[in-house]
$ cat my_file-v4.tsv   # TSV, C-alpha atoms
chain	number	residue	atom	x	y	z
H	169	MET	CA	-26.73	11.12	21.95
H	170	SER	CA	-23.61	12.95	20.72
H	171	SER	CA	-23.17	14.09	17.13
H	172	ASN	CA	-20.12	11.80	16.76
H	173	THR	CA	-22.19	8.78	17.77
H	174	VAL	CA	-24.90	9.72	15.28
H	175	LYS	CA	-22.32	10.13	12.54
H	176	LYS	CA	-20.79	6.73	13.33
H	177	GLN	CA	-24.20	5.02	13.26
H	178	THR	CA	-25.05	6.76	10.00
H	179	SER	CA	-21.75	5.74	8.41
H	180	LEU	CA	-22.17	2.14	9.61
H	181	ALA	CA	-25.72	2.07	8.24
H	182	GLY	CA	-24.49	3.47	4.93
H	183	LEU	CA	-21.69	0.87	4.81
H	184	ALA	CA	-24.16	-1.93	5.54
H	185	LYS	CA	-26.45	-0.73	2.74
H	186	SER	CA	-23.60	-0.54	0.25
H	187	VAL	CA	-22.45	-4.06	1.16
H	188	VAL	CA	-25.96	-5.52	0.88
H	189	ARG	CA	-26.44	-3.90	-2.52
H	190	LYS	CA	-23.29	-5.47	-3.92
H	191	GLN	CA	-23.90	-8.51	-6.11
H	192	ILE	CA	-21.30	-10.62	-4.30
H	193	PHE	CA	-23.26	-10.23	-1.04
H	194	ILE	CA	-25.71	-13.02	-1.99
H	195	PRO	CA	-23.22	-15.93	-2.28
H	196	ILE	CA	-21.15	-14.68	0.68
H	197	ALA	CA	-24.28	-14.46	2.84
H	198	ALA	CA	-25.29	-17.99	1.79
H	199	LEU	CA	-21.80	-19.24	2.62
H	200	LEU	CA	-21.86	-17.59	6.04
H	201	ILE	CA	-25.26	-19.13	6.79
H	202	LEU	CA	-23.92	-22.61	6.00
H	203	VAL	CA	-20.80	-21.98	8.08
H	204	LEU	CA	-22.86	-20.77	11.04
H	205	PHE	CA	-25.25	-23.74	10.79
H	206	ASN	CA	-22.40	-26.27	10.84
H	207	LEU	CA	-20.60	-24.45	13.66
H	208	ILE	CA	-23.72	-24.77	15.79
H	209	ALA	CA	-24.68	-28.28	14.71
H	210	ASP	CA	-21.21	-29.83	14.78
H	211	PRO	CA	-18.00	-27.76	15.19
H	212	SER	CA	-15.94	-30.81	14.20
H	213	PHE	CA	-17.26	-30.28	10.66
H	214	PHE	CA	-14.36	-27.85	10.13
H	215	GLN	CA	-11.65	-30.14	11.48
H	216	ILE	CA	-8.72	-30.72	9.10
H	217	THR	CA	-6.22	-33.50	9.69
H	218	LEU	CA	-3.15	-34.93	7.99
H	219	GLN	CA	-3.73	-38.62	7.37
H	220	PRO	CA	-2.30	-41.31	5.08
H	221	ASN	CA	-4.44	-42.07	2.01
H	222	SER	CA	-4.89	-45.42	0.29
H	223	GLU	CA	-1.47	-45.03	-1.34
H	224	GLY	CA	0.21	-44.44	2.02
H	225	TYR	CA	0.97	-40.73	1.49
H	226	ASN	CA	0.04	-38.16	4.12
H	227	VAL	CA	-2.68	-35.86	2.73
H	228	LEU	CA	-5.04	-33.27	4.15
H	229	SER	CA	-8.49	-34.61	4.90
H	230	GLY	CA	-11.72	-33.24	6.32
H	231	ASN	CA	-15.01	-31.79	5.15
H	232	ILE	CA	-13.50	-28.45	4.14
H	233	ILE	CA	-10.80	-30.14	2.04
H	234	SER	CA	-13.47	-32.33	0.48
H	235	ILE	CA	-15.59	-29.27	-0.39
H	236	ILE	CA	-12.68	-27.42	-1.99
H	237	ASP	CA	-11.64	-30.55	-3.89
H	238	ARG	CA	-15.06	-31.78	-5.05
H	239	ALA	CA	-16.13	-28.29	-6.11
H	240	SER	CA	-13.29	-28.11	-8.64
H	241	GLU	CA	-15.25	-29.34	-11.68
H	242	LEU	CA	-18.24	-27.18	-10.76
H	243	VAL	CA	-16.12	-24.04	-10.35
H	244	ILE	CA	-14.54	-24.59	-13.77
H	245	LEU	CA	-17.96	-25.13	-15.35
H	246	ALA	CA	-19.32	-22.01	-13.61
H	247	ILE	CA	-16.71	-19.94	-15.46
H	248	GLY	CA	-18.00	-20.97	-18.87
H	249	MET	CA	-21.66	-21.02	-17.84
H	250	THR	CA	-21.40	-17.43	-16.57
H	251	LEU	CA	-20.08	-16.23	-19.94
H	252	VAL	CA	-22.73	-18.17	-21.87
H	253	THR	CA	-25.50	-16.82	-19.65
H	254	SER	CA	-24.23	-13.27	-19.96
H	255	ALA	CA	-23.96	-13.27	-23.75
H	256	SER	CA	-26.87	-15.49	-24.77
H	257	GLY	CA	-29.39	-14.87	-22.02
H	258	GLY	CA	-29.76	-18.64	-21.62
H	259	GLN	CA	-28.00	-21.68	-20.21
H	260	ASP	CA	-26.32	-24.80	-21.59
H	261	ILE	CA	-28.05	-27.85	-20.12
H	262	SER	CA	-25.79	-30.31	-21.95
H	263	VAL	CA	-22.58	-29.84	-19.93
H	264	GLY	CA	-23.07	-33.06	-17.94
H	265	ALA	CA	-23.52	-35.14	-21.10
H	266	THR	CA	-20.60	-33.37	-22.79
H	267	ILE	CA	-18.39	-34.13	-19.79
H	268	ALA	CA	-19.20	-37.80	-20.41
H	269	ILE	CA	-18.03	-37.34	-24.04
H	270	ALA	CA	-14.85	-35.54	-22.93
H	271	GLY	CA	-14.01	-38.26	-20.42
H	272	SER	CA	-14.72	-40.98	-22.94
H	273	VAL	CA	-12.38	-39.32	-25.45
H	274	VAL	CA	-9.59	-39.19	-22.86
H	275	LEU	CA	-9.95	-42.89	-22.11
H	276	ARG	CA	-10.15	-43.79	-25.79
H	277	VAL	CA	-6.89	-42.01	-26.56
H	278	LEU	CA	-5.07	-43.42	-23.52
H	279	CYS	CA	-6.42	-46.98	-23.87
H	280	GLY	CA	-6.51	-47.33	-27.64
H	281	SER	CA	-8.37	-50.43	-28.76
H	282	ASN	CA	-7.63	-52.26	-25.49
H	283	THR	CA	-10.01	-51.39	-22.64
H	284	ARG	CA	-7.57	-52.75	-20.03
H	285	PRO	CA	-4.10	-51.70	-21.21
H	286	ASP	CA	-1.05	-52.40	-19.05
H	287	THR	CA	0.53	-49.14	-20.20
H	288	LEU	CA	-0.84	-45.89	-21.59
H	289	GLN	CA	-1.14	-45.96	-25.38
H	290	ALA	CA	-0.49	-42.21	-25.69
H	291	PRO	CA	0.91	-39.38	-23.55
H	292	VAL	CA	-1.60	-37.83	-21.15
H	293	ILE	CA	-1.04	-34.38	-22.67
H	294	VAL	CA	-2.10	-35.70	-26.08
H	295	ALA	CA	-5.29	-37.15	-24.60
H	296	PHE	CA	-6.01	-33.85	-22.90
H	297	ILE	CA	-5.49	-31.82	-26.09
H	298	VAL	CA	-7.73	-34.15	-28.10
H	299	CYS	CA	-10.34	-33.95	-25.34
H	300	CYS	CA	-10.21	-30.13	-25.46
H	301	LEU	CA	-10.58	-30.05	-29.25
H	302	VAL	CA	-13.56	-32.43	-29.22
H	303	SER	CA	-15.30	-30.58	-26.38
H	304	MET	CA	-14.73	-27.23	-28.07
H	305	LEU	CA	-16.17	-28.71	-31.27
H	306	PHE	CA	-19.36	-29.68	-29.45
H	307	GLY	CA	-19.39	-26.25	-27.82
H	308	ALA	CA	-19.10	-24.74	-31.30
H	309	PHE	CA	-22.05	-26.88	-32.41
H	310	ASN	CA	-24.20	-25.52	-29.58
H	311	GLY	CA	-22.92	-22.01	-30.22
H	312	THR	CA	-23.80	-22.22	-33.90
H	313	LEU	CA	-27.38	-23.24	-33.13
H	314	VAL	CA	-27.77	-20.40	-30.64
H	315	ALA	CA	-25.86	-17.62	-32.39
H	316	TYR	CA	-26.55	-18.21	-36.06
H	317	PHE	CA	-29.78	-20.22	-36.09
H	318	LYS	CA	-31.16	-18.13	-33.21
H	319	ILE	CA	-32.44	-21.14	-31.27
H	320	GLN	CA	-33.09	-20.56	-27.58
H	321	PRO	CA	-30.03	-21.90	-25.65
H	322	MET	CA	-31.86	-24.47	-23.54
H	323	VAL	CA	-33.62	-25.85	-26.62
H	324	ALA	CA	-30.43	-25.89	-28.68
H	325	THR	CA	-28.42	-27.69	-25.99
H	326	LEU	CA	-31.25	-30.16	-25.39
H	327	ILE	CA	-29.89	-32.05	-28.42
H	328	MET	CA	-26.58	-32.82	-26.72
H	329	PHE	CA	-28.31	-33.29	-23.37
H	330	THR	CA	-30.29	-36.12	-24.95
H	331	ALA	CA	-27.65	-37.67	-27.18
H	332	GLY	CA	-24.39	-36.88	-25.37
H	333	ARG	CA	-24.14	-39.92	-23.12
H	334	SER	CA	-24.98	-42.27	-25.98
H	335	ILE	CA	-22.20	-40.64	-28.04
H	336	ALA	CA	-19.82	-41.10	-25.09
H	337	ALA	CA	-20.65	-44.81	-24.90
H	338	TRP	CA	-20.29	-45.17	-28.69
H	339	ILE	CA	-16.78	-43.67	-28.61
H	340	ASN	CA	-15.58	-46.66	-26.55
H	341	ASN	CA	-17.86	-49.23	-28.19
H	342	ASN	CA	-20.13	-49.21	-25.13
H	343	GLU	CA	-17.31	-50.64	-23.01
H	344	LEU	CA	-15.90	-49.24	-19.76
H	345	PRO	CA	-12.15	-48.72	-20.15
H	346	VAL	CA	-9.98	-48.86	-17.03
H	347	ILE	CA	-6.52	-47.32	-16.76
H	348	SER	CA	-4.18	-49.17	-14.43
H	349	ASP	CA	-1.31	-46.68	-14.60
H	350	PRO	CA	-1.37	-44.89	-11.20
H	351	LYS	CA	0.18	-41.73	-12.66
H	352	PHE	CA	-3.03	-40.90	-14.53
H	353	ALA	CA	-4.91	-40.79	-11.22
H	354	TYR	CA	-2.62	-38.01	-9.97
H	355	TYR	CA	-4.61	-35.37	-11.91
H	356	GLY	CA	-7.86	-36.17	-10.11
H	357	ASN	CA	-6.49	-37.09	-6.70
H	358	PHE	CA	-3.08	-36.43	-5.09
H	359	ILE	CA	0.46	-36.16	-6.37
H	360	PRO	CA	2.78	-38.12	-4.03
H	361	GLY	CA	4.36	-35.79	-1.50
H	362	ILE	CA	1.80	-33.00	-2.00
H	363	PRO	CA	-0.98	-33.06	0.63
H	364	ILE	CA	-3.36	-30.82	-1.34
H	365	PRO	CA	-5.63	-32.40	-4.00
H	366	THR	CA	-4.41	-31.83	-7.56
H	367	PRO	CA	-7.81	-30.55	-8.83
H	368	VAL	CA	-7.40	-27.56	-6.51
H	369	PHE	CA	-4.28	-26.50	-8.45
H	370	ILE	CA	-5.99	-27.10	-11.81
H	371	THR	CA	-8.95	-24.96	-10.69
H	372	ALA	CA	-6.63	-22.21	-9.49
H	373	ALA	CA	-4.88	-22.23	-12.89
H	374	CYS	CA	-8.24	-21.92	-14.68
H	375	LEU	CA	-9.27	-19.01	-12.44
H	376	ILE	CA	-6.00	-17.21	-13.11
H	377	VAL	CA	-6.39	-17.70	-16.87
H	378	ILE	CA	-9.97	-16.39	-16.97
H	379	ALA	CA	-9.02	-13.46	-14.73
H	380	LEU	CA	-6.26	-12.49	-17.15
H	381	VAL	CA	-8.55	-12.93	-20.16
H	382	LEU	CA	-11.25	-10.73	-18.64
H	383	LYS	CA	-8.67	-8.12	-17.61
H	384	PHE	CA	-6.67	-7.84	-20.83
H	385	THR	CA	-9.37	-8.49	-23.45
H	386	ASN	CA	-12.79	-7.04	-24.17
H	387	LEU	CA	-14.59	-10.34	-23.58
H	388	ARG	CA	-16.35	-9.08	-20.44
H	389	LEU	CA	-17.47	-5.84	-22.10
H	390	TYR	CA	-18.59	-7.50	-25.32
H	391	SER	CA	-20.47	-10.40	-23.72
H	392	GLN	CA	-22.29	-8.04	-21.35
H	393	ALA	CA	-23.14	-5.64	-24.17
H	394	VAL	CA	-24.51	-8.46	-26.33
H	395	GLY	CA	-26.50	-9.86	-23.42
H	396	ILE	CA	-28.03	-6.48	-22.56
H	397	ASN	CA	-28.91	-5.42	-26.10
H	398	PRO	CA	-27.54	-7.29	-29.15
H	399	HIS	CA	-28.96	-4.73	-31.59
H	400	SER	CA	-27.24	-1.79	-29.88
H	401	SER	CA	-24.00	-3.74	-29.60
H	402	ARG	CA	-24.09	-4.39	-33.34
H	403	LEU	CA	-24.43	-0.65	-33.97
H	404	ASN	CA	-21.31	-0.17	-31.84
H	405	GLY	CA	-19.27	-2.52	-34.01
H	406	ILE	CA	-19.67	-5.73	-31.98
H	407	ASN	CA	-20.62	-8.97	-33.72
H	408	PRO	CA	-23.26	-10.53	-31.40
H	409	GLN	CA	-23.23	-13.89	-33.19
H	410	MET	CA	-19.48	-14.24	-32.87
H	411	ILE	CA	-19.46	-13.29	-29.18
H	412	LYS	CA	-22.17	-15.85	-28.37
H	413	PHE	CA	-20.32	-18.46	-30.41
H	414	ILE	CA	-17.04	-17.75	-28.58
H	415	THR	CA	-18.66	-18.08	-25.14
H	416	PHE	CA	-20.00	-21.53	-26.04
H	417	VAL	CA	-16.57	-22.59	-27.28
H	418	ILE	CA	-15.02	-21.37	-24.01
H	419	LEU	CA	-17.63	-23.38	-22.10
H	420	GLY	CA	-16.64	-26.38	-24.21
H	421	LEU	CA	-13.04	-25.91	-23.08
H	422	CYS	CA	-14.20	-25.72	-19.44
H	423	VAL	CA	-16.15	-28.95	-19.99
H	424	ALA	CA	-12.99	-30.63	-21.29
H	425	VAL	CA	-11.00	-29.74	-18.16
H	426	ALA	CA	-13.86	-30.87	-15.90
H	427	GLY	CA	-14.24	-34.13	-17.83
H	428	PHE	CA	-10.51	-34.80	-17.63
H	429	ILE	CA	-10.60	-34.39	-13.84
H	430	LYS	CA	-13.70	-36.60	-13.56
H	431	VAL	CA	-12.17	-39.62	-15.31
H	432	SER	CA	-8.83	-39.13	-13.56
H	433	ARG	CA	-10.51	-39.42	-10.16
H	434	LEU	CA	-11.60	-43.03	-10.87
H	435	SER	CA	-9.43	-43.96	-13.88
H	436	THR	CA	-12.61	-45.15	-15.59
H	437	ILE	CA	-16.05	-43.87	-16.52
H	438	ASN	CA	-19.72	-44.70	-16.11
H	439	TYR	CA	-21.50	-42.99	-18.98
H	440	SER	CA	-24.92	-42.77	-17.35
H	441	VAL	CA	-23.71	-41.53	-13.96
H	442	VAL	CA	-20.66	-39.33	-14.53
H	443	ALA	CA	-21.42	-35.63	-13.94
H	444	LYS	CA	-25.10	-36.42	-13.50
H	445	ASP	CA	-27.14	-33.25	-12.79
H	446	ILE	CA	-24.00	-31.09	-12.77
H	447	GLU	CA	-25.64	-28.76	-15.30
H	448	MET	CA	-28.21	-27.77	-12.67
H	449	ASP	CA	-25.45	-27.09	-10.16
H	450	ALA	CA	-23.59	-24.91	-12.69
H	451	ILE	CA	-26.73	-22.90	-13.45
H	452	LEU	CA	-27.45	-22.58	-9.75
H	453	ALA	CA	-23.90	-21.33	-9.12
H	454	VAL	CA	-24.45	-18.57	-11.69
H	455	ALA	CA	-27.83	-17.66	-10.18
H	456	LEU	CA	-26.51	-17.81	-6.62
H	457	GLY	CA	-23.79	-15.39	-7.71
H	458	GLY	CA	-26.53	-12.82	-8.30
H	459	ASN	CA	-26.07	-12.91	-12.08
H	460	ALA	CA	-29.20	-12.27	-14.14
H	461	LEU	CA	-30.19	-15.51	-15.89
H	462	GLY	CA	-31.58	-13.38	-18.70
H	463	GLY	CA	-28.10	-12.18	-19.66
H	464	GLY	CA	-26.14	-8.95	-19.31
H	465	LYS	CA	-23.79	-7.93	-16.52
H	466	PHE	CA	-22.02	-10.64	-14.56
H	467	ASN	CA	-19.66	-11.08	-11.64
H	468	MET	CA	-17.31	-14.02	-12.19
H	469	THR	CA	-16.06	-13.98	-8.59
H	470	ALA	CA	-19.64	-14.26	-7.32
H	471	SER	CA	-20.28	-17.26	-9.62
H	472	VAL	CA	-17.14	-18.99	-8.33
H	473	ILE	CA	-18.17	-18.42	-4.71
H	474	GLY	CA	-21.65	-19.65	-5.66
H	475	ALA	CA	-20.12	-22.90	-6.92
H	476	TYR	CA	-18.32	-23.46	-3.62
H	477	VAL	CA	-21.58	-22.71	-1.77
H	478	ILE	CA	-23.35	-25.41	-3.81
H	479	GLN	CA	-20.70	-27.96	-2.89
H	480	PHE	CA	-20.79	-26.78	0.73
H	481	LEU	CA	-24.57	-27.36	0.76
H	482	THR	CA	-24.19	-30.78	-0.85
H	483	THR	CA	-21.54	-31.89	1.65
H	484	THR	CA	-23.65	-30.60	4.54
H	485	LEU	CA	-26.71	-32.50	3.33
H	486	TYR	CA	-24.71	-35.71	2.94
H	487	LYS	CA	-23.19	-35.28	6.41
H	488	TYR	CA	-26.62	-35.17	8.01
H	489	ASP	CA	-27.77	-38.27	6.13
H	490	VAL	CA	-30.17	-36.59	3.71
H	491	ASP	CA	-31.24	-39.09	1.08
H	492	SER	CA	-29.13	-38.59	-2.06
H	493	ALA	CA	-32.27	-38.73	-4.17
H	494	ALA	CA	-33.68	-35.74	-2.25
H	495	ILE	CA	-30.60	-33.50	-2.61
H	496	SER	CA	-31.60	-32.39	-6.09
H	497	ALA	CA	-34.99	-31.36	-4.70
H	498	TYR	CA	-33.31	-29.07	-2.14
H	499	LYS	CA	-31.22	-27.48	-4.88
H	500	ALA	CA	-34.28	-27.12	-7.11
H	501	VAL	CA	-36.03	-25.13	-4.38
H	502	VAL	CA	-33.03	-22.79	-4.19
H	503	VAL	CA	-33.09	-22.37	-7.99
H	504	ILE	CA	-36.80	-21.53	-7.96
H	505	ILE	CA	-36.36	-18.92	-5.22
H	506	LEU	CA	-33.41	-17.29	-6.96
H	507	VAL	CA	-35.08	-17.24	-10.38
H	508	VAL	CA	-38.28	-15.76	-8.95
H	509	LEU	CA	-36.40	-13.10	-6.98
H	510	SER	CA	-34.35	-12.16	-10.05
H	511	ALA	CA	-37.42	-11.74	-12.25
H	512	PRO	CA	-37.92	-8.05	-13.26
H	513	ILE	CA	-41.61	-8.06	-12.29
H	514	VAL	CA	-40.79	-9.33	-8.78
H	515	ARG	CA	-38.09	-6.68	-8.28
H	516	GLU	CA	-40.53	-4.04	-9.49
H	517	LYS	CA	-43.20	-5.19	-7.03
H	518	MET	CA	-40.66	-5.28	-4.18
H	519	GLY	CA	-39.69	-1.70	-5.02
H	520	GLU	CA	-43.34	-0.63	-4.92
H	521	VAL	CA	-43.84	-2.32	-1.53
H	522	LYS	CA	-40.74	-0.57	-0.19
H	523	LYS	CA	-42.08	2.80	-1.34
H	524	LYS	CA	-45.40	2.18	0.42
H	525	LEU	CA	-43.80	1.01	3.67
H	526	PHE	CA	-41.04	3.63	3.80
H	527	PRO	CA	-42.19	6.57	1.65
H	528	ALA	CA	-40.05	9.21	3.38
H	529	LYS	CA	-36.94	6.99	3.45
H	530	THR	CA	-37.33	6.05	-0.23
H	531	ALA	CA	-37.76	9.71	-1.23
H	532	LYS	CA	-34.64	10.64	0.75
H	533	GLU	CA	-32.60	7.88	-0.97
H	534	ALA	CA	-33.85	9.02	-4.39
H	535	ALA	CA	-32.81	12.57	-3.61
$ encode --input "my_file-v4.tsv" --output "C-alpha cells"
Amino acid sequence: MSSNTVKKQTSLAGLAKSVVRKQIFIPIAALLILVLFNLIADPSFFQITLQPNSEGYNVLSGNIISIIDRASELVILAIGMTLVTSASGGQDISVGATIAIAGSVVLRVLCGSNTRPDTLQAPVIVAFIVCCLVSMLFGAFNGTLVAYFKIQPMVATLIMFTAGRSIAAWINNNELPVISDPKFAYYGNFIPGIPIPTPVFITAACLIVIALVLKFTNLRLYSQAVGINPHSSRLNGINPQMIKFITFVILGLCVAVAGFIKVSRLSTINYSVVAKDIEMDAILAVALGGNALGGGKFNMTASVIGAYVIQFLTTTLYKYDVDSAAISAYKAVVVIILVVLSAPIVREKMGEVKKKLFPAKTAKEAA
C-alpha cells in the first residue's frame, strides 16, 4: 500500500473521528437514520405536491411539509428550553400548560365577552402582545422560584404544570371561544397565495432573532458559565440569579409565540388537550441535541435539529399506524437512553472500557 493511500485513509479516519465527536453529530445521525428507514420502507414518504387546500388555494403538501410545519411550536420551545437547561441545570415541565394559558389569553382578547363574535374585538397584534406579556409574567414566576428561592426547576414548574390548564379555562370562564374571522387562521395555516405554511416563517424569524441575540450579547457565555459553576461566575461579576431569571422569561416569550400559533391553527382551544406532552418533546429535543441536561455548554443548532427529529419520528410513527397512546412510550425510551448516556458516571465507565479494549490506541490519542 502506497504512502499516499495510507495518508488518505489516516486523514479520512481523523475526519470521521472529529465529526463523530461534534455535539451536532447526534441529532444529524438520528435524522439520517429516520430518512434512511423511510426511504427503504416507503420512498413516497418524501413526495411533495402542490394541491388545493380547504380554502381552494394551491399549497405544498406531503409528509416533509407536515414535519416542517408541525415542528414549528416545538422548535420555538426548544430555543427557550435550551437556555433554561443551560443556566439552571433543570427543565421547565410547565410549558404545555402555559401554552394553554397563552392561547386562552389570545382568544379572550380577540373575543371579548362574546365566545362567538362575528368580528374580532381587538387587533391581532394587541392580542399577541398581551399574550407575550402574560406568558413572560408566568415565566418570571417560575424564574423567581428557581433563581431566588433556589427551588429545583422541575419542582418549581410543577406548580404551573398542575394549575396552568385550570387557569387557562378560568380566563375564558370555562368556555371554548371560537373565532370565525378567517384572517386569524392565517398565522397558523396558510396565507392566500403563499404555498408555504405561515408557522414556518414565524419559526424562521424566531431562529434569526435568537441567533442575533446569541451573537451580539453575552447571553450564551453567561448562561453557560452559570450552568457550569454559579459560584465561579459570581466571582467573575456575573449575577447567576438574574441570568436564570432571564432565561425563564425568554422561555415564557417562546411559549407565547407557540401558544399563538396553536390557537391560530384551529381558531379555538381545548384546554385539556392543547400542547399535551409538548414539554417532554421540548426536553427530548434538548437532550437529542447532545446538550447536558445538568446545565452548562449548549448548542442551539443541535437543539433545533433535535426538535425536527422529534417531529420526524412522530410523523413516521403515525404513518405506520402506531397507536397514538404508545407514541409517548417510544419517546420516553429515547429520553431514558439519552439521559443515561449523558450521565457522567456512564461516560466515565465507557472511557474505562475503551482504555481496556484499546490501550495502545487510547495512549496514542492522549499523547
$ closest_residue --input "my_file-v4.tsv" --among "H:Lys430, H:Lys318, H:Lys383, H:Lys499" --to "H:Ala455" --atoms "all atoms listed in the file"
H:Lys499
$ closest_atom_pairs --input "my_file-v4.tsv" --of "stretch 333-356 of chain H" --to "stretch 440-446 of chain H" --cutoff "12 Å" --atoms "all atoms listed in the file" --output "CSV"
residue,atom,partner,partner_atom,distance
H:Arg333,CA,H:Ser440,CA,6.5
H:Ser334,CA,H:Ser440,CA,8.6
H:Ile335,CA,H:Ser440,CA,11.2
H:Ala336,CA,H:Ser440,CA,9.4
H:Ala337,CA,H:Ser440,CA,8.9
H:Asn342,CA,H:Ser440,CA,11.2
H:Leu344,CA,H:Ser440,CA,11.4
$ atom_distance --input "my_file-v4.tsv" --atom1 "atom CA of H:Ile359" --atom2 "atom CA of H:Arg433"
12.1 Å
$ closest_residue --input "my_file-v4.tsv" --among "H:Ser496, H:Ala290, H:Phe466, H:Asn226" --to "H:Leu382" --atoms "only C-alpha atoms"
H:Phe466
$ atom_distance --input "my_file-v4.tsv" --atom1 "atom CA of H:Leu228" --atom2 "atom CA of H:Leu242"
20.8 Å
$ residues_near_point --input "my_file-v4.tsv" --point "(-20.9, -18.3, -9.8)" --cutoff "12 Å" --atoms "all atoms listed in the file" --output "number ranges by chain"
H: 191-192, 194-196, 239, 242-251, 253-254, 375, 449-461, 466-479
$ closest_atom_pairs --input "my_file-v4.tsv" --of "stretch 329-440 of chain H" --to "stretch 229-236 of chain H" --cutoff "10 Å" --atoms "only C-alpha atoms" --output "CSV"
residue,atom,partner,partner_atom,distance
H:Pro363,CA,H:Ser229,CA,8.8
H:Ile364,CA,H:Ile233,CA,8.2
H:Pro365,CA,H:Ile233,CA,8.3
H:Pro367,CA,H:Ile236,CA,9.0
H:Val368,CA,H:Ile236,CA,7.0
H:Thr371,CA,H:Ile236,CA,9.8
$ residues_around --input "my_file-v4.tsv" --residues "H:Thr287" --least-positions-apart "2" --cutoff "9 Å" --atoms "all atoms listed in the file" --output "ChimeraX atom specification"
/H:278-279,284-285,289-290,347-349
$ closest_residue --input "my_file-v4.tsv" --among "H:Val514, H:Val273, H:Ile504, H:Leu485" --to "H:Val302" --atoms "all atoms listed in the file"
H:Val273
$ build_atoms --input "my_file-v4.tsv" --residues "stretch 454-473 of chain H" --atoms "N, CA and C atoms" --output "PDB file, in the frame of the given file"
ATOM      1  N   VAL H 454     -24.331 -19.868 -11.015  1.00  0.00           N
ATOM      2  CA  VAL H 454     -24.450 -18.570 -11.690  1.00  0.00           C
ATOM      3  C   VAL H 454     -25.556 -17.739 -11.048  1.00  0.00           C
ATOM      4  N   ALA H 455     -26.695 -18.376 -10.782  1.00  0.00           N
ATOM      5  CA  ALA H 455     -27.830 -17.660 -10.180  1.00  0.00           C
ATOM      6  C   ALA H 455     -27.515 -17.233  -8.752  1.00  0.00           C
ATOM      7  N   LEU H 456     -26.856 -18.119  -8.006  1.00  0.00           N
ATOM      8  CA  LEU H 456     -26.510 -17.810  -6.620  1.00  0.00           C
ATOM      9  C   LEU H 456     -25.497 -16.666  -6.553  1.00  0.00           C
ATOM     10  N   GLY H 457     -24.736 -16.494  -7.633  1.00  0.00           N
ATOM     11  CA  GLY H 457     -23.790 -15.390  -7.710  1.00  0.00           C
ATOM     12  C   GLY H 457     -24.463 -14.055  -7.983  1.00  0.00           C
ATOM     13  N   GLY H 458     -25.788 -14.062  -8.078  1.00  0.00           N
ATOM     14  CA  GLY H 458     -26.530 -12.820  -8.300  1.00  0.00           C
ATOM     15  C   GLY H 458     -26.546 -12.382  -9.755  1.00  0.00           C
ATOM     16  N   ASN H 459     -26.077 -13.247 -10.660  1.00  0.00           N
ATOM     17  CA  ASN H 459     -26.070 -12.910 -12.080  1.00  0.00           C
ATOM     18  C   ASN H 459     -27.464 -13.106 -12.674  1.00  0.00           C
ATOM     19  N   ALA H 460     -27.889 -12.174 -13.508  1.00  0.00           N
ATOM     20  CA  ALA H 460     -29.200 -12.270 -14.140  1.00  0.00           C
ATOM     21  C   ALA H 460     -29.197 -13.421 -15.138  1.00  0.00           C
ATOM     22  N   LEU H 461     -30.133 -14.364 -14.991  1.00  0.00           N
ATOM     23  CA  LEU H 461     -30.190 -15.510 -15.890  1.00  0.00           C
ATOM     24  C   LEU H 461     -30.680 -15.109 -17.274  1.00  0.00           C
ATOM     25  N   GLY H 462     -31.142 -13.877 -17.400  1.00  0.00           N
ATOM     26  CA  GLY H 462     -31.580 -13.380 -18.700  1.00  0.00           C
ATOM     27  C   GLY H 462     -30.473 -12.711 -19.480  1.00  0.00           C
ATOM     28  N   GLY H 463     -29.245 -12.736 -18.958  1.00  0.00           N
ATOM     29  CA  GLY H 463     -28.100 -12.180 -19.660  1.00  0.00           C
ATOM     30  C   GLY H 463     -27.732 -10.787 -19.188  1.00  0.00           C
ATOM     31  N   GLY H 464     -26.597 -10.294 -19.678  1.00  0.00           N
ATOM     32  CA  GLY H 464     -26.140  -8.950 -19.310  1.00  0.00           C
ATOM     33  C   GLY H 464     -24.948  -8.992 -18.379  1.00  0.00           C
ATOM     34  N   LYS H 465     -24.929  -8.070 -17.423  1.00  0.00           N
ATOM     35  CA  LYS H 465     -23.790  -7.930 -16.520  1.00  0.00           C
ATOM     36  C   LYS H 465     -23.588  -9.193 -15.679  1.00  0.00           C
ATOM     37  N   PHE H 466     -22.325  -9.473 -15.375  1.00  0.00           N
ATOM     38  CA  PHE H 466     -22.020 -10.640 -14.560  1.00  0.00           C
ATOM     39  C   PHE H 466     -20.855 -10.344 -13.631  1.00  0.00           C
ATOM     40  N   ASN H 467     -20.765 -11.155 -12.587  1.00  0.00           N
ATOM     41  CA  ASN H 467     -19.660 -11.080 -11.640  1.00  0.00           C
ATOM     42  C   ASN H 467     -19.066 -12.477 -11.524  1.00  0.00           C
ATOM     43  N   MET H 468     -17.907 -12.686 -12.146  1.00  0.00           N
ATOM     44  CA  MET H 468     -17.310 -14.020 -12.190  1.00  0.00           C
ATOM     45  C   MET H 468     -16.927 -14.502 -10.791  1.00  0.00           C
ATOM     46  N   THR H 469     -16.429 -13.598  -9.954  1.00  0.00           N
ATOM     47  CA  THR H 469     -16.060 -13.980  -8.590  1.00  0.00           C
ATOM     48  C   THR H 469     -17.263 -14.493  -7.822  1.00  0.00           C
ATOM     49  N   ALA H 470     -18.417 -13.837  -8.001  1.00  0.00           N
ATOM     50  CA  ALA H 470     -19.640 -14.260  -7.320  1.00  0.00           C
ATOM     51  C   ALA H 470     -20.071 -15.641  -7.789  1.00  0.00           C
ATOM     52  N   SER H 471     -19.924 -15.932  -9.086  1.00  0.00           N
ATOM     53  CA  SER H 471     -20.280 -17.260  -9.620  1.00  0.00           C
ATOM     54  C   SER H 471     -19.382 -18.339  -9.016  1.00  0.00           C
ATOM     55  N   VAL H 472     -18.091 -18.030  -8.894  1.00  0.00           N
ATOM     56  CA  VAL H 472     -17.140 -18.990  -8.330  1.00  0.00           C
ATOM     57  C   VAL H 472     -17.483 -19.278  -6.869  1.00  0.00           C
ATOM     58  N   ILE H 473     -17.774 -18.223  -6.111  1.00  0.00           N
ATOM     59  CA  ILE H 473     -18.170 -18.420  -4.710  1.00  0.00           C
ATOM     60  C   ILE H 473     -19.471 -19.207  -4.662  1.00  0.00           C
TER      61      ILE H 473
END
